[in-house]
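Participant: Can you read through this structure? Questions will come right after.
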Amino acid sequence: MRSLFVASLAVAFVAVATLGRAADDWEAKYKAADAAKGAQVFQQYCVTCHGTSGLGDGPVGKTLNPPPRNFQEGKFKYGDSPKDHFDVVTNGAASKGGSPMMAPWGAVIPEADRWSVIKYVVSLKKK
């Protein structure tokens, strides 16, 4: 019985340590991201829907219902942290119960570039 208790404590400790490291991990990746690189990736993959300045007014975006997010407003439907934005870009809005028109880009855009896009998008918010 004592060994089961000790084993349970060890598993709980590892789980808590892993969660803390995961939070630090995304923060470090976001901090290291390059907004200028993100702007380049955004121009390649995102402007069709979100427009060149992130207003949600790209040529395809104008035809979508719901319309794409206006990044200059800085209002996000699925959380406000860079990690929340990264999850939507990686897995698509449908993974959060949203529109499947916001496609998952995780298999297309490398991870470091997705973090850079997030840093760029966050920079578009008007103060």
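Chain labels run A, B, ... following the order of the structure tokens; each chain numbers its residues from 1, and ligands are numbered from 1 in the order shown.
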Neighbouring residues of range 108-112 of chain A were defined as those with any atom within 9 Å, considering only C-alpha atoms; residues of the same chain fewer than 2 positions away were excluded. Please report them as a list in words.
Facilitator: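 Surrounding residues, per the criterion: Lys29, Tyr30, Ala32, Ala33, Asp34, Val41, Tyr45, Thr90, Pro104, Trp105, Gly106, Arg114, Trp115, Ser116 and Val117 of chain A.
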Participant: Please, could you write that set of residues out with C-alpha atoms as a short mmCIF file (atom, residue, chain, number, x, y, z; two decimals), in the first residue's frame?
Facilitator:
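The resulting file, selection20.cif, is shown below:
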```cif
data_model
loop_
_atom_site.label_atom_id
_atom_site.label_comp_id
_atom_site.auth_asym_id
_atom_site.auth_seq_id
_atom_site.Cartn_x
_atom_site.Cartn_y
_atom_site.Cartn_z
CA LYS A 29 9.04 29.91 -28.33
CA TYR A 30 6.87 33.01 -28.55
CA ALA A 32 12.12 33.81 -29.65
CA ALA A 33 9.72 34.28 -32.58
CA ASP A 34 10.54 36.87 -35.25
CA VAL A 41 4.70 33.98 -43.70
CA TYR A 45 -0.52 32.07 -46.33
CA THR A 90 -2.11 24.93 -35.73
CA PRO A 104 -5.45 24.00 -39.60
CA TRP A 105 -1.95 25.04 -40.70
CA GLY A 106 0.05 22.74 -38.42
CA ARG A 114 3.67 29.68 -36.84
CA TRP A 115 5.04 31.30 -33.67
CA SER A 116 6.43 34.11 -35.82
CA VAL A 117 3.02 34.59 -37.45
#
```
Participant: Per residue of range 23-48 of chain A within 10 Å of range 56-65 of chain A, what are the shortest atom pair and its distance in Å to one decimal, counting only C-alpha atoms, with rows by chain and residue number, as a Markdown table?
Facilitator:
```
| residue | atom | partner | partner_atom | distance |
| --- | --- | --- | --- | --- |
| A:Cys46 | CA | A:Gly58 | CA | 8.6 |
| A:Val47 | CA | A:Gly58 | CA | 5.8 |
| A:Thr48 | CA | A:Gly58 | CA | 4.8 |
```
Participant: Those selected residues, please, written with C-alpha atoms and delivered as a PDB file, in the first residue's frame.
Facilitator:
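Generated file (again-v8.pdb):
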```
ATOM      1  CA  CYS A  46      -2.929  34.441 -44.599  1.00  0.00           C
ATOM      2  CA  VAL A  47      -3.645  37.517 -46.747  1.00  0.00           C
ATOM      3  CA  THR A  48      -6.147  35.726 -48.965  1.00  0.00           C
TER       4      THR A  48
END
```
Participant: Please measure the separation of CA of Pro67 in chain A and CA of Gly38 in chain A, giving the value in Å to one decimal.
Facilitator: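 CA of Pro67 in chain A sits 21.8 Å away from CA of Gly38 in chain A.
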Participant: For each of A:Ser53, A:Asn70, A:Lys83, A:Tyr120, take the minimum atom-to-atom distance to Asp25 in chain A, counting only C-alpha atoms, then give the residue where this is smallest.
Facilitator: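 Distance minimum relative to Asp25 in chain A lands on A:Lys83.
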Participant: Using CA of Ser99 in chain A and CA of Ala35 in chain A as the two end points, give the distance in Å to one decimal.
Facilitator: 26.1 Å
Participant: Calculated over only C-alpha atoms, which of the candidates A:Ser81, A:Lys125, A:Ala39, A:Asp87 has the smallest distance to Arg69 in chain A?
Facilitator: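 Of A:Ser81, A:Lys125, A:Ala39, A:Asp87, the one nearest Arg69 in chain A, counting only C-alpha atoms, is A:Lys125.
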